[in-house]
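**Q** Supplied structure: upload.txt, compact mmCIF, C-alpha atoms.
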# COMPACT_ATOMS: atom_id res chain seq x y z
CA MET A 1 15.58 -20.84 8.15
CA GLN A 2 13.10 -21.37 10.92
CA TYR A 3 13.14 -19.85 14.39
CA ASP A 4 10.62 -20.24 17.21
CA LYS A 5 10.22 -17.69 20.00
CA LYS A 6 12.86 -19.37 22.19
CA GLU A 7 15.41 -19.36 19.36
CA ILE A 8 14.62 -15.71 18.52
CA ASP A 9 15.12 -14.74 22.18
CA ALA A 10 18.45 -16.60 22.18
CA LEU A 11 19.82 -14.72 19.15
CA ASP A 12 22.72 -12.34 19.63
CA ARG A 13 21.28 -8.83 20.27
CA VAL A 14 22.53 -7.22 17.04
CA MET A 15 21.46 -10.19 14.92
CA ARG A 16 17.99 -10.12 16.51
CA LEU A 17 17.71 -6.36 15.90
CA LYS A 18 18.67 -6.80 12.24
CA ILE A 19 16.31 -9.70 11.59
CA ILE A 20 13.27 -8.47 13.51
CA ASN A 21 13.60 -4.99 11.97
CA SER A 22 13.35 -6.63 8.53
CA VAL A 23 10.54 -9.16 8.87
CA THR A 24 7.63 -6.83 8.08
CA GLY A 25 9.07 -6.34 4.59
CA ILE A 26 9.83 -3.04 2.89
CA LYS A 27 9.32 0.16 4.89
CA PRO A 28 8.88 3.73 3.62
CA GLY A 29 12.01 5.92 3.65
CA ASN A 30 11.27 9.37 5.06
CA LEU A 31 13.00 12.22 6.87
CA ILE A 32 11.12 14.05 9.62
CA GLY A 33 12.06 17.74 9.96
CA THR A 34 11.41 19.73 13.13
CA ILE A 35 12.42 22.91 14.93
CA ASN A 36 12.39 23.61 18.66
CA LYS A 37 11.44 26.78 20.54
CA SER A 38 15.07 27.98 20.45
CA LYS A 39 15.01 27.66 16.61
CA ASN A 40 17.37 24.66 16.54
CA THR A 41 16.34 22.39 13.69
CA ASN A 42 16.45 18.60 13.64
CA LEU A 43 16.23 16.02 10.86
CA ALA A 44 15.90 12.27 11.35
CA VAL A 45 15.31 9.24 9.17
CA PHE A 46 12.16 7.28 10.04
CA SER A 47 10.97 4.00 8.52
CA SER A 48 7.85 3.68 10.68
CA ILE A 49 5.54 6.25 9.08
CA ILE A 50 2.09 4.77 8.57
CA HIS A 51 -1.23 5.75 7.01
CA LEU A 52 -4.00 5.88 9.62
CA GLY A 53 -6.90 7.34 7.64
CA SER A 54 -7.88 9.64 4.80
CA ASN A 55 -10.80 11.59 6.31
CA PRO A 56 -9.35 13.28 8.30
CA SER A 57 -5.93 12.74 6.72
CA LEU A 58 -3.97 11.16 9.56
CA LEU A 59 -0.46 9.68 9.58
CA GLY A 60 1.37 8.06 12.48
CA PHE A 61 4.91 7.06 13.36
CA ILE A 62 6.54 5.06 16.14
CA SER A 63 8.99 6.77 18.48
CA ARG A 64 10.98 5.72 21.48
CA PRO A 65 10.39 7.88 24.55
CA THR A 66 12.48 11.06 24.74
CA THR A 67 15.84 10.88 26.56
CA ASN A 68 18.93 13.12 26.30
CA ASP A 69 20.25 11.03 23.42
CA VAL A 70 17.12 10.12 21.49
CA GLY A 71 13.68 11.51 20.81
CA HIS A 72 14.68 15.04 19.71
CA THR A 73 12.08 14.77 16.96
CA LEU A 74 9.20 14.03 19.34
CA ASN A 75 10.46 16.62 21.80
CA ASN A 76 10.46 19.35 19.12
CA ILE A 77 7.02 18.29 17.87
CA LYS A 78 5.62 18.64 21.38
CA GLN A 79 7.23 22.09 21.70
CA THR A 80 5.98 23.60 18.45
CA GLY A 81 3.10 21.40 17.28
CA TYR A 82 4.40 21.00 13.71
CA TYR A 83 6.68 18.71 11.70
CA THR A 84 7.42 17.75 8.11
CA ILE A 85 7.66 14.36 6.41
CA ASN A 86 9.95 14.30 3.36
CA HIS A 87 10.45 11.34 1.01
CA ILE A 88 14.02 10.14 0.64
CA HIS A 89 15.23 9.86 -2.97
CA SER A 90 18.15 7.77 -4.23
CA GLU A 91 20.22 10.93 -4.89
CA PHE A 92 20.58 11.61 -1.15
CA VAL A 93 20.14 8.22 0.52
CA LYS A 94 23.58 8.39 2.15
CA LYS A 95 22.98 11.86 3.62
CA ALA A 96 19.58 10.74 4.87
CA HIS A 97 21.03 7.61 6.49
CA TYR A 98 23.60 9.52 8.52
CA THR A 99 20.91 11.67 10.19
CA SER A 100 20.41 8.54 12.34
CA ALA A 101 23.66 9.18 14.25
CA LYS A 102 23.14 10.48 17.79
CA PHE A 103 23.97 14.15 17.22
CA PRO A 104 23.61 16.44 20.27
CA SER A 105 20.35 18.42 20.28
CA ASN A 106 22.14 21.71 19.42
CA VAL A 107 23.59 20.25 16.19
CA SER A 108 21.26 20.31 13.20
CA GLU A 109 21.39 17.19 11.03
CA PHE A 110 20.44 19.45 8.10
CA SER A 111 23.87 21.07 8.08
CA ALA A 112 25.80 18.08 9.52
CA CYS A 113 24.51 15.82 6.73
CA GLY A 114 24.48 18.32 3.85
CA LEU A 115 20.74 18.75 3.40
CA SER A 116 18.90 22.09 3.04
CA GLU A 117 16.17 23.59 5.18
CA GLU A 118 13.23 25.00 3.24
CA TYR A 119 10.34 27.02 4.65
CA ILE A 120 7.15 27.04 2.57
CA ASP A 121 4.15 29.36 2.85
CA GLY A 122 4.75 30.21 6.49
CA PHE A 123 4.67 26.57 7.62
CA LYS A 124 6.51 26.48 10.95
CA ALA A 125 8.64 23.34 10.51
CA PRO A 126 11.50 22.97 8.01
CA PHE A 127 11.03 20.89 4.86
CA VAL A 128 13.93 19.17 3.09
CA LYS A 129 14.63 21.13 -0.09
CA GLU A 130 16.24 18.13 -1.84
CA SER A 131 13.02 16.10 -1.48
CA THR A 132 10.33 16.59 -4.14
CA PHE A 133 7.57 14.84 -2.15
CA LYS A 134 6.87 16.49 1.19
CA ILE A 135 4.13 16.78 3.77
CA GLY A 136 3.49 19.43 6.41
CA MET A 137 2.02 17.87 9.55
CA ARG A 138 0.15 19.26 12.56
CA PHE A 139 0.63 17.25 15.76
CA LYS A 140 -2.55 15.69 17.19
CA GLU A 141 -1.65 13.23 19.97
CA VAL A 142 0.72 10.63 21.37
CA ILE A 143 -0.57 7.16 22.25
CA ASP A 144 1.43 5.01 24.68
CA ILE A 145 2.27 1.46 23.65
CA LYS A 146 2.69 -0.12 27.06
CA ALA A 147 3.91 -3.45 25.67
CA ASN A 148 7.39 -1.98 25.08
CA GLY A 149 7.35 1.67 26.16
CA THR A 150 7.26 3.12 22.63
CA VAL A 151 4.65 5.63 21.46
CA LEU A 152 2.51 6.17 18.36
CA VAL A 153 2.71 9.84 17.33
CA ILE A 154 -0.35 11.00 15.34
CA GLY A 155 -0.62 14.07 13.13
CA GLU A 156 -2.87 15.54 10.46
CA ILE A 157 -1.74 16.61 6.98
CA GLU A 158 -1.80 20.39 6.51
CA GLN A 159 0.40 20.76 3.41
CA LEU A 160 1.08 18.29 0.62
CA ILE A 161 3.59 18.87 -2.17
CA PHE A 162 4.58 16.39 -4.86
CA PRO A 163 5.86 16.61 -8.44
CA ASP A 164 3.31 16.71 -11.27
CA ASN A 165 5.00 13.76 -12.98
CA ALA A 166 4.35 11.56 -9.89
CA PHE A 167 0.66 11.62 -10.78
CA VAL A 168 0.16 8.91 -13.40
CA ASP A 169 -3.25 7.61 -14.58
CA GLY A 170 -5.10 9.22 -11.69
CA ASP A 171 -2.83 7.81 -9.01
CA ILE A 172 0.50 8.48 -7.33
CA ASP A 173 3.37 6.50 -8.89
CA LEU A 174 6.26 6.02 -6.46
CA GLU A 175 8.63 4.83 -9.20
CA ALA A 176 8.01 8.08 -11.10
CA SER A 177 8.46 10.14 -7.91
CA GLY A 178 11.74 8.34 -7.11
CA GLY A 179 10.55 6.90 -3.80
CA VAL A 180 12.89 4.74 -1.73
CA GLY A 181 12.22 1.85 0.64
CA ILE A 182 14.17 0.71 3.70
CA SER A 183 14.75 -2.80 4.99
CA GLY A 184 15.90 -3.32 8.53
CA LEU A 185 18.07 -0.51 9.85
CA ASN A 186 20.39 0.36 6.97
CA THR A 187 19.51 -1.07 3.56
CA TYR A 188 17.85 1.07 0.89
CA TYR A 189 15.84 -0.08 -2.15
CA ALA A 190 14.59 1.52 -5.36
CA LEU A 191 11.04 0.74 -6.52
CA LYS A 192 9.95 -0.80 -9.82
CA LYS A 193 6.21 -0.75 -10.55
CA ILE A 194 4.88 -4.25 -11.35
CA GLU A 195 1.16 -3.89 -11.68
CA SER A 196 -1.93 -1.93 -10.72
CA TYR A 197 -5.26 -3.67 -10.11
CA PRO A 198 -8.75 -2.19 -9.81
CA TYR A 199 -10.55 -1.89 -6.47
CA ALA A 200 -11.49 -5.55 -5.77
CA LYS A 201 -15.25 -6.05 -6.17
CA LEU A 202 -16.93 -9.33 -5.22
CA ASN A 203 -18.65 -9.73 -8.60
CA GLU A 204 -15.42 -9.12 -10.51
CA ILE A 205 -13.14 -11.72 -8.93
CA PRO A 206 -11.06 -13.45 -11.65
CA GLN A 207 -11.21 -17.27 -11.93
CA PHE A 208 -8.10 -18.40 -10.03
CA MET B 1 1.28 19.96 -7.14
CA GLN B 2 0.55 21.62 -3.83
CA TYR B 3 -2.51 21.17 -1.65
CA ASP B 4 -3.28 22.72 1.72
CA LYS B 5 -5.69 21.18 4.22
CA LYS B 6 -8.72 22.96 2.74
CA GLU B 7 -7.88 21.75 -0.76
CA ILE B 8 -7.30 18.19 0.49
CA ASP B 9 -10.69 18.24 2.25
CA ALA B 10 -12.32 19.50 -0.95
CA LEU B 11 -10.93 16.66 -3.09
CA ASP B 12 -13.36 14.09 -4.49
CA ARG B 13 -13.58 11.19 -1.99
CA VAL B 14 -11.94 8.54 -4.22
CA MET B 15 -9.17 10.91 -5.30
CA ARG B 16 -8.47 11.82 -1.66
CA LEU B 17 -8.39 8.13 -0.69
CA LYS B 18 -5.92 7.35 -3.48
CA ILE B 19 -3.60 10.27 -2.75
CA ILE B 20 -3.61 10.13 1.05
CA ASN B 21 -3.08 6.36 0.99
CA SER B 22 0.10 6.94 -1.06
CA VAL B 23 1.81 9.85 0.64
CA THR B 24 3.76 7.88 3.25
CA GLY B 25 5.67 6.19 0.41
CA ILE B 26 6.11 2.46 -0.13
CA LYS B 27 4.30 0.09 2.24
CA PRO B 28 5.03 -3.59 2.96
CA GLY B 29 2.87 -6.12 1.09
CA ASN B 30 1.65 -8.88 3.39
CA LEU B 31 -1.24 -11.31 3.76
CA ILE B 32 -2.66 -11.98 7.22
CA GLY B 33 -4.02 -15.51 7.68
CA THR B 34 -6.52 -16.38 10.44
CA ILE B 35 -9.03 -19.04 11.46
CA ASN B 36 -12.13 -18.63 13.61
CA LYS B 37 -13.59 -20.95 16.26
CA SER B 38 -15.77 -22.67 13.63
CA LYS B 39 -12.60 -23.45 11.60
CA ASN B 40 -13.43 -20.99 8.80
CA THR B 41 -10.19 -19.49 7.51
CA ASN B 42 -9.64 -15.92 6.32
CA LEU B 43 -6.89 -14.26 4.31
CA ALA B 44 -6.53 -10.53 3.76
CA VAL B 45 -3.97 -8.18 2.23
CA PHE B 46 -2.56 -5.59 4.67
CA SER B 47 -0.16 -2.75 3.89
CA SER B 48 -0.06 -1.36 7.44
CA ILE B 49 2.16 -3.89 9.21
CA ILE B 50 4.78 -2.12 11.28
CA HIS B 51 7.79 -2.99 13.45
CA LEU B 52 7.26 -1.93 17.07
CA GLY B 53 10.29 -3.46 18.78
CA SER B 54 12.79 -6.29 18.77
CA ASN B 55 12.96 -7.24 22.45
CA PRO B 56 10.27 -8.50 22.80
CA SER B 57 9.65 -8.97 19.07
CA LEU B 58 6.47 -6.96 18.52
CA LEU B 59 4.68 -6.08 15.28
CA GLY B 60 1.52 -4.02 14.85
CA PHE B 61 -1.05 -3.35 12.16
CA ILE B 62 -3.93 -0.90 11.72
CA SER B 63 -7.47 -2.24 11.45
CA ARG B 64 -10.86 -0.68 11.09
CA PRO B 65 -13.31 -1.75 13.79
CA THR B 66 -15.16 -5.02 13.08
CA THR B 67 -18.52 -4.83 11.29
CA ASN B 68 -20.44 -7.50 9.33
CA ASP B 69 -18.53 -6.56 6.16
CA VAL B 70 -15.06 -5.76 7.41
CA GLY B 71 -12.75 -6.75 10.23
CA HIS B 72 -12.97 -10.55 9.87
CA THR B 73 -9.22 -10.69 10.46
CA LEU B 74 -9.37 -8.89 13.81
CA ASN B 75 -12.48 -10.82 14.81
CA ASN B 76 -10.74 -14.14 14.19
CA ILE B 77 -7.60 -13.00 16.01
CA LYS B 78 -9.68 -12.12 19.07
CA GLN B 79 -11.40 -15.53 18.93
CA THR B 80 -8.29 -17.69 18.65
CA GLY B 81 -5.36 -15.50 19.75
CA TYR B 82 -3.16 -16.35 16.75
CA TYR B 83 -2.50 -15.11 13.20
CA THR B 84 0.11 -15.35 10.48
CA ILE B 85 1.87 -12.65 8.43
CA ASN B 86 3.03 -13.81 4.99
CA HIS B 87 5.08 -11.76 2.53
CA ILE B 88 3.51 -11.27 -0.89
CA HIS B 89 5.76 -12.23 -3.82
CA SER B 90 5.42 -11.05 -7.41
CA GLU B 91 4.29 -14.54 -8.53
CA PHE B 92 0.97 -14.16 -6.68
CA VAL B 93 0.39 -10.43 -6.43
CA LYS B 94 -2.92 -10.64 -8.31
CA LYS B 95 -4.29 -13.40 -6.07
CA ALA B 96 -3.17 -11.47 -3.00
CA HIS B 97 -4.83 -8.27 -4.22
CA TYR B 98 -8.23 -9.89 -4.68
CA THR B 99 -8.35 -11.04 -1.04
CA SER B 100 -9.33 -7.39 -0.43
CA ALA B 101 -12.83 -7.95 -1.88
CA LYS B 102 -15.60 -8.08 0.74
CA PHE B 103 -16.15 -11.84 0.85
CA PRO B 104 -18.76 -13.08 3.37
CA SER B 105 -17.20 -14.46 6.55
CA ASN B 106 -18.04 -18.08 5.61
CA VAL B 107 -16.04 -17.85 2.35
CA SER B 108 -12.30 -18.40 2.70
CA GLU B 109 -10.15 -16.10 0.59
CA PHE B 110 -7.58 -18.92 0.47
CA SER B 111 -9.79 -20.98 -1.86
CA ALA B 112 -11.60 -18.03 -3.50
CA CYS B 113 -8.26 -16.51 -4.56
CA GLY B 114 -6.33 -19.69 -5.33
CA LEU B 115 -3.88 -19.65 -2.42
CA SER B 116 -3.04 -22.64 -0.18
CA GLU B 117 -3.43 -23.03 3.58
CA GLU B 118 -0.39 -24.47 5.33
CA TYR B 119 -0.18 -25.55 8.98
CA ILE B 120 3.32 -25.67 10.48
CA ASP B 121 4.47 -27.33 13.73
CA GLY B 122 1.05 -27.18 15.35
CA PHE B 123 0.74 -23.40 14.97
CA LYS B 124 -3.00 -22.64 15.17
CA ALA B 125 -3.37 -20.11 12.35
CA PRO B 126 -2.93 -20.93 8.63
CA PHE B 127 0.19 -19.79 6.79
CA VAL B 128 0.22 -19.10 3.03
CA LYS B 129 2.08 -21.98 1.38
CA GLU B 130 3.03 -19.88 -1.68
CA SER B 131 4.89 -17.37 0.53
CA THR B 132 8.48 -18.19 1.44
CA PHE B 133 8.73 -15.54 4.19
CA LYS B 134 6.20 -16.03 6.97
CA ILE B 135 5.64 -15.17 10.60
CA GLY B 136 3.47 -16.83 13.23
CA MET B 137 2.03 -14.21 15.61
CA ARG B 138 0.46 -14.40 19.08
CA PHE B 139 -2.09 -11.66 19.78
CA LYS B 140 -1.18 -9.28 22.63
CA GLU B 141 -3.55 -6.30 22.65
CA VAL B 142 -5.65 -3.79 20.72
CA ILE B 143 -5.08 -0.07 21.23
CA ASP B 144 -7.86 2.35 20.26
CA ILE B 145 -6.97 5.30 18.02
CA LYS B 146 -9.72 7.71 19.01
CA ALA B 147 -8.79 10.28 16.35
CA ASN B 148 -10.53 8.19 13.67
CA GLY B 149 -11.93 5.05 15.30
CA THR B 150 -9.25 2.68 13.95
CA VAL B 151 -7.20 0.36 16.16
CA LEU B 152 -3.57 -0.73 16.44
CA VAL B 153 -3.40 -4.51 16.80
CA ILE B 154 -0.23 -5.71 18.55
CA GLY B 155 1.23 -9.21 18.50
CA GLU B 156 4.45 -11.02 19.34
CA ILE B 157 6.45 -13.19 16.94
CA GLU B 158 6.28 -16.89 17.82
CA GLN B 159 7.45 -18.46 14.55
CA LEU B 160 9.70 -17.04 11.86
CA ILE B 161 10.42 -18.76 8.55
CA PHE B 162 12.41 -17.33 5.65
CA PRO B 163 14.52 -18.77 2.82
CA ASP B 164 18.23 -19.28 3.42
CA ASN B 165 19.10 -17.22 0.33
CA ALA B 166 17.33 -14.17 1.83
CA PHE B 167 20.14 -13.92 4.36
CA VAL B 168 22.97 -12.02 2.63
CA ASP B 169 26.06 -10.61 4.41
CA GLY B 170 24.53 -11.03 7.86
CA ASP B 171 21.29 -9.27 7.00
CA ILE B 172 17.93 -9.94 5.39
CA ASP B 173 17.84 -8.95 1.69
CA LEU B 174 14.30 -8.24 0.49
CA GLU B 175 15.33 -8.23 -3.16
CA ALA B 176 16.71 -11.77 -2.73
CA SER B 177 13.58 -12.87 -0.85
CA GLY B 178 11.34 -11.44 -3.58
CA GLY B 179 9.56 -8.97 -1.33
CA VAL B 180 6.87 -6.69 -2.76
CA GLY B 181 5.79 -3.16 -1.82
CA ILE B 182 2.38 -1.51 -2.12
CA SER B 183 1.56 2.09 -2.94
CA GLY B 184 -1.88 3.42 -2.16
CA LEU B 185 -4.62 0.81 -2.43
CA ASN B 186 -3.75 -1.17 -5.53
CA THR B 187 -0.28 -0.68 -7.01
CA TYR B 188 2.50 -3.20 -6.45
CA TYR B 189 6.26 -2.69 -6.72
CA ALA B 190 9.32 -4.93 -6.92
CA LEU B 191 12.42 -3.98 -4.90
CA LYS B 192 15.92 -3.31 -6.17
CA LYS B 193 18.66 -2.99 -3.55
CA ILE B 194 20.59 0.28 -3.90
CA GLU B 195 22.95 0.42 -0.95
CA SER B 196 23.63 -0.70 2.59
CA TYR B 197 25.31 1.62 5.10
CA PRO B 198 26.82 0.84 8.50
CA TYR B 199 25.13 1.80 11.76
CA ALA B 200 25.64 5.59 11.84
CA LYS B 201 28.19 6.54 14.51
CA LEU B 202 28.89 10.14 15.42
CA ASN B 203 32.67 9.82 14.94
CA GLU B 204 32.26 8.20 11.52
CA ILE B 205 30.09 10.78 9.74
CA PRO B 206 31.36 11.33 6.17
CA GLN B 207 32.23 14.87 5.07
CA PHE B 208 29.10 16.04 3.19
Translate this file's structure into C-alpha cells.

**A**
Amino acid sequence: MQYDKKEIDALDRVMRLKIINSVTGIKPGNLIGTINKSKNTNLAVFSSIIHLGSNPSLLGFISRPTTNDVGHTLNNIKQTGYYTINHIHSEFVKKAHYTSAKFPSNVSEFSACGLSEEYIDGFKAPFVKESTFKIGMRFKEVIDIKANGTVLVIGEIEQLIFPDNAFVDGDIDLEASGGVGISGLNTYYALKKIESYPYAKLNEIPQF
Amino acid sequence: MQYDKKEIDALDRVMRLKIINSVTGIKPGNLIGTINKSKNTNLAVFSSIIHLGSNPSLLGFISRPTTNDVGHTLNNIKQTGYYTINHIHSEFVKKAHYTSAKFPSNVSEFSACGLSEEYIDGFKAPFVKESTFKIGMRFKEVIDIKANGTVLVIGEIEQLIFPDNAFVDGDIDLEASGGVGISGLNTYYALKKIESYPYAKLNEIPQF
C-alpha cells in the first residue's frame, strides 16, 4: 500500500489514527502511576516513553494538554513533582489496557482495573506491584510542541528496580524481564531476542 | 536489583549507558535515510522515533547536536528538508546495526553496510530498498531540550509505504510486517502478537 500526504489526509479519522499510530514500529508498554494532592491515585498506559539521556538519566513522554477528561497524569505530576513508570508484562496486559478509558479524576485506575498500589522507600508516587521493572521519576520540565499542541514531559530517574534475572551478560534482557511492546492504540506484543551486536567501531565493520 | 539516584550516578559510565538506555522497555528499530546538498547519502539507525500526532501526521526523534563526528542525519535534514524512516527487518539487522559506526560524512552507510538506496516518486531523500515499511518525511522544526543539550526533530509524513499483508483486521500488524525492536544500544528483538483489545470505553470495562 502506498499513500501520499493527500491520501493520508483523506483517510477516515479512525483509520488514520490507527495507521499513523503504528507507523513508527513497536512502542514500549508502560503504566505511569501518580497521586494528586488530595491523595487520589491515577494509573495510565503510555506508549510514548522515550530515553533522552543517561547522564543525567532523563526520560520523556508525550502528553496531550490537560482538560477535564484527559491529562490527569500530567496534572498530578505538576501537583506533586513525582511519578512512576512501570513495565507492562503479559500477565496483566488486559488490565493495563483498560486504564486508557476516561475514568473521572476521583476514580483510581488501580482499583478499577485490578492493579495494586505499592509504595517503596518513601517514594511519593505509587508503583504498580504487579510490575517487576519499575522506575521512580522526579519531574523536571514540560516542553511545548507547538506543531500540534502536545507537550514533552521530562523527568529524571530517582529509583530503579528490576529483577536480577533481567540482567544477562552485562546487559538488560527484555525477553527475560517479560517486557511487552505496543503497536498503534491497542495491540500488544511479546519480545523474542534475536541478536546482540558489539558497539559498532569503524575498524571492525564486517565485509557486507 | 534496586538503585537510587546516587547509586545510578556512581555506576561505571558504560554500565550506566547500557542500563539507562534499556529502562524504557522496547524501542522501535528504524533507519533514517538522508542526502546532503552535495548528493552524499547517509543512513543511521535510530531507536528514538516517536508518534506525536495523527492530524497532522507528525513524528519526532531525538538527536544529539551536530558535531564533526555525529549528527550527519540532522545536518542533512536541515540542508534539504527531507528524510526517510525505514523499518528494520530481521533479515538485515546486522547491516542496520553497523550504520551506527562513526563513518566520515563523505562515506555513505548505504554502501558501507550493504544496503540499497531507493528513490520513489521523486521524493528527495533515499529510502532503504530492503525495508518493506517506509515513510517519507518533510522536516518541520527542531526543539531544544535544554536539560541535556539534545533536540527533538519534528517532521510530517508525506509518503507512506507498507506491504498489503501488514494490514490485518483493519489494523497494522507488526508481526506480519516483520518489525524489529531494540533494547538499549545493541540488542534486537522480534515481535510476537499477544492480543488486541478494543478502544477502552468507560461503560465496557471488564470486571477485574

**Q** May I ask for the distance between atom CA of Phe127 of chain B and atom CA of Gly155 of chain B, given in Å to one decimal place?

**A**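 One can read the atom CA of Phe127 of chain B to atom CA of Gly155 of chain B distance as 15.8 Å.
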
**Q** So how many Å separate atom CA of Thr150 of chain A and atom CA of His51 of chain B, to one decimal?

**A**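 Rounded to one decimal, the two atoms are 11.0 Å apart.
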
**Q** What are the residues of chain B that have an atom within 6 Å of an atom of chain A, counting all atoms listed in the file, as a short mmCIF file (atom, residue, chain, number, x, y, z; two decimals) with C-alpha atoms, keeping the file's coordinate frame?

**A**
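Now in result.cif:
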data_model
loop_
_atom_site.label_atom_id
_atom_site.label_comp_id
_atom_site.auth_asym_id
_atom_site.auth_seq_id
_atom_site.Cartn_x
_atom_site.Cartn_y
_atom_site.Cartn_z
CA MET B 1 1.28 19.96 -7.14
CA GLN B 2 0.55 21.62 -3.83
CA TYR B 3 -2.51 21.17 -1.65
CA ASP B 4 -3.28 22.72 1.72
CA LYS B 5 -5.69 21.18 4.22
CA LEU B 17 -8.39 8.13 -0.69
CA ILE B 20 -3.61 10.13 1.05
CA GLY B 25 5.67 6.19 0.41
CA ILE B 26 6.11 2.46 -0.13
CA LYS B 27 4.30 0.09 2.24
CA PRO B 28 5.03 -3.59 2.96
CA SER B 54 12.79 -6.29 18.77
CA TYR B 98 -8.23 -9.89 -4.68
CA ALA B 101 -12.83 -7.95 -1.88
CA CYS B 113 -8.26 -16.51 -4.56
CA GLY B 114 -6.33 -19.69 -5.33
CA GLU B 158 6.28 -16.89 17.82
CA GLN B 159 7.45 -18.46 14.55
CA LEU B 160 9.70 -17.04 11.86
CA ILE B 161 10.42 -18.76 8.55
CA PHE B 162 12.41 -17.33 5.65
CA PRO B 163 14.52 -18.77 2.82
CA ASP B 164 18.23 -19.28 3.42
CA ASN B 186 -3.75 -1.17 -5.53
CA THR B 187 -0.28 -0.68 -7.01
CA TYR B 188 2.50 -3.20 -6.45
CA TYR B 189 6.26 -2.69 -6.72
CA ALA B 190 9.32 -4.93 -6.92
CA LEU B 191 12.42 -3.98 -4.90
CA LYS B 192 15.92 -3.31 -6.17
CA LYS B 193 18.66 -2.99 -3.55
CA ILE B 194 20.59 0.28 -3.90
CA GLU B 195 22.95 0.42 -0.95
CA SER B 196 23.63 -0.70 2.59
CA TYR B 197 25.31 1.62 5.10
CA ALA B 200 25.64 5.59 11.84
CA LYS B 201 28.19 6.54 14.51
CA LEU B 202 28.89 10.14 15.42
CA PHE B 208 29.10 16.04 3.19
#

**Q** Between atom CA of Ala125 of chain B and atom CA of Tyr83 of chain B, what distance in Å does the model show, to one decimal?

**A**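 If I compute the distance from atom CA of Ala125 of chain B to atom CA of Tyr83 of chain B, I get 5.1 Å.
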
**Q** Could you pull the residues within 8 Å of Asn76 of chain B, counting all atoms listed in the file, minus those fewer than 4 positions along the same chain, as a ChimeraX atom specification?

**A** /B:34-37,72,80-81

**Q** Choose the residue, out of A:Lys78, A:Lys129, A:Arg138, A:His89, that has the smallest atom-to-atom separation from Phe110 of chain A; count all atoms listed in the file.

**A** A:Lys129

**Q** Between B:Phe46, B:Phe123, B:Ala176, B:Val153, which has the minimum distance to Asn75 of chain B (counting only C-alpha atoms)?

**A**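 Distance minimum relative to Asn75 of chain B lands on B:Val153.
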
**Q** Taking all atoms of segment 167-177 of chain A that the file lists, what box with edges along x, y and z, padded by 8 Å per side, do you get, with centre and edge lengths in Å to one decimal, as AutoDock Vina command-line options?

**A**
--center_x 1.8 --center_y 8.2 --center_z -10.5 --size_x 29.7 --size_y 22.8 --size_z 24.1

**Q** Mind dumping segment 142-155 of chain A from that block, keeping N, CA and C atoms, as a PDB file, in the first residue's frame?

**A**
ATOM      1  N   VAL A 142       8.271  20.707  31.360  1.00  0.00           N
ATOM      2  CA  VAL A 142       7.365  20.420  30.254  1.00  0.00           C
ATOM      3  C   VAL A 142       7.776  21.304  29.080  1.00  0.00           C
ATOM      4  N   ILE A 143       7.942  20.704  27.912  1.00  0.00           N
ATOM      5  CA  ILE A 143       8.280  21.487  26.719  1.00  0.00           C
ATOM      6  C   ILE A 143       7.099  21.456  25.755  1.00  0.00           C
ATOM      7  N   ASP A 144       6.656  22.634  25.333  1.00  0.00           N
ATOM      8  CA  ASP A 144       5.522  22.722  24.396  1.00  0.00           C
ATOM      9  C   ASP A 144       5.941  22.310  22.991  1.00  0.00           C
ATOM     10  N   ILE A 145       5.085  21.514  22.357  1.00  0.00           N
ATOM     11  CA  ILE A 145       5.267  21.180  20.943  1.00  0.00           C
ATOM     12  C   ILE A 145       4.185  21.925  20.184  1.00  0.00           C
ATOM     13  N   LYS A 146       4.566  23.089  19.668  1.00  0.00           N
ATOM     14  CA  LYS A 146       3.547  23.998  19.101  1.00  0.00           C
ATOM     15  C   LYS A 146       2.890  23.411  17.863  1.00  0.00           C
ATOM     16  N   ALA A 147       3.598  22.529  17.157  1.00  0.00           N
ATOM     17  CA  ALA A 147       3.084  21.986  15.896  1.00  0.00           C
ATOM     18  C   ALA A 147       1.714  21.325  16.069  1.00  0.00           C
ATOM     19  N   ASN A 148       1.430  20.763  17.254  1.00  0.00           N
ATOM     20  CA  ASN A 148       0.104  20.143  17.426  1.00  0.00           C
ATOM     21  C   ASN A 148      -0.443  20.270  18.849  1.00  0.00           C
ATOM     22  N   GLY A 149       0.163  21.148  19.658  1.00  0.00           N
ATOM     23  CA  GLY A 149      -0.397  21.413  20.983  1.00  0.00           C
ATOM     24  C   GLY A 149      -0.131  20.333  22.022  1.00  0.00           C
ATOM     25  N   THR A 150       0.708  19.325  21.692  1.00  0.00           N
ATOM     26  CA  THR A 150       1.083  18.342  22.702  1.00  0.00           C
ATOM     27  C   THR A 150       2.298  18.871  23.484  1.00  0.00           C
ATOM     28  N   VAL A 151       2.705  18.116  24.495  1.00  0.00           N
ATOM     29  CA  VAL A 151       3.872  18.527  25.280  1.00  0.00           C
ATOM     30  C   VAL A 151       4.794  17.325  25.507  1.00  0.00           C
ATOM     31  N   LEU A 152       6.076  17.629  25.671  1.00  0.00           N
ATOM     32  CA  LEU A 152       7.065  16.620  26.056  1.00  0.00           C
ATOM     33  C   LEU A 152       7.344  16.817  27.540  1.00  0.00           C
ATOM     34  N   VAL A 153       7.020  15.796  28.346  1.00  0.00           N
ATOM     35  CA  VAL A 153       7.212  15.869  29.795  1.00  0.00           C
ATOM     36  C   VAL A 153       8.544  15.193  30.133  1.00  0.00           C
ATOM     37  N   ILE A 154       9.430  15.909  30.815  1.00  0.00           N
ATOM     38  CA  ILE A 154      10.773  15.388  31.088  1.00  0.00           C
ATOM     39  C   ILE A 154      10.964  15.163  32.585  1.00  0.00           C
ATOM     40  N   GLY A 155      11.542  14.010  32.931  1.00  0.00           N
ATOM     41  CA  GLY A 155      11.838  13.712  34.324  1.00  0.00           C
ATOM     42  C   GLY A 155      13.170  13.009  34.460  1.00  0.00           C
TER      43      GLY A 155
END
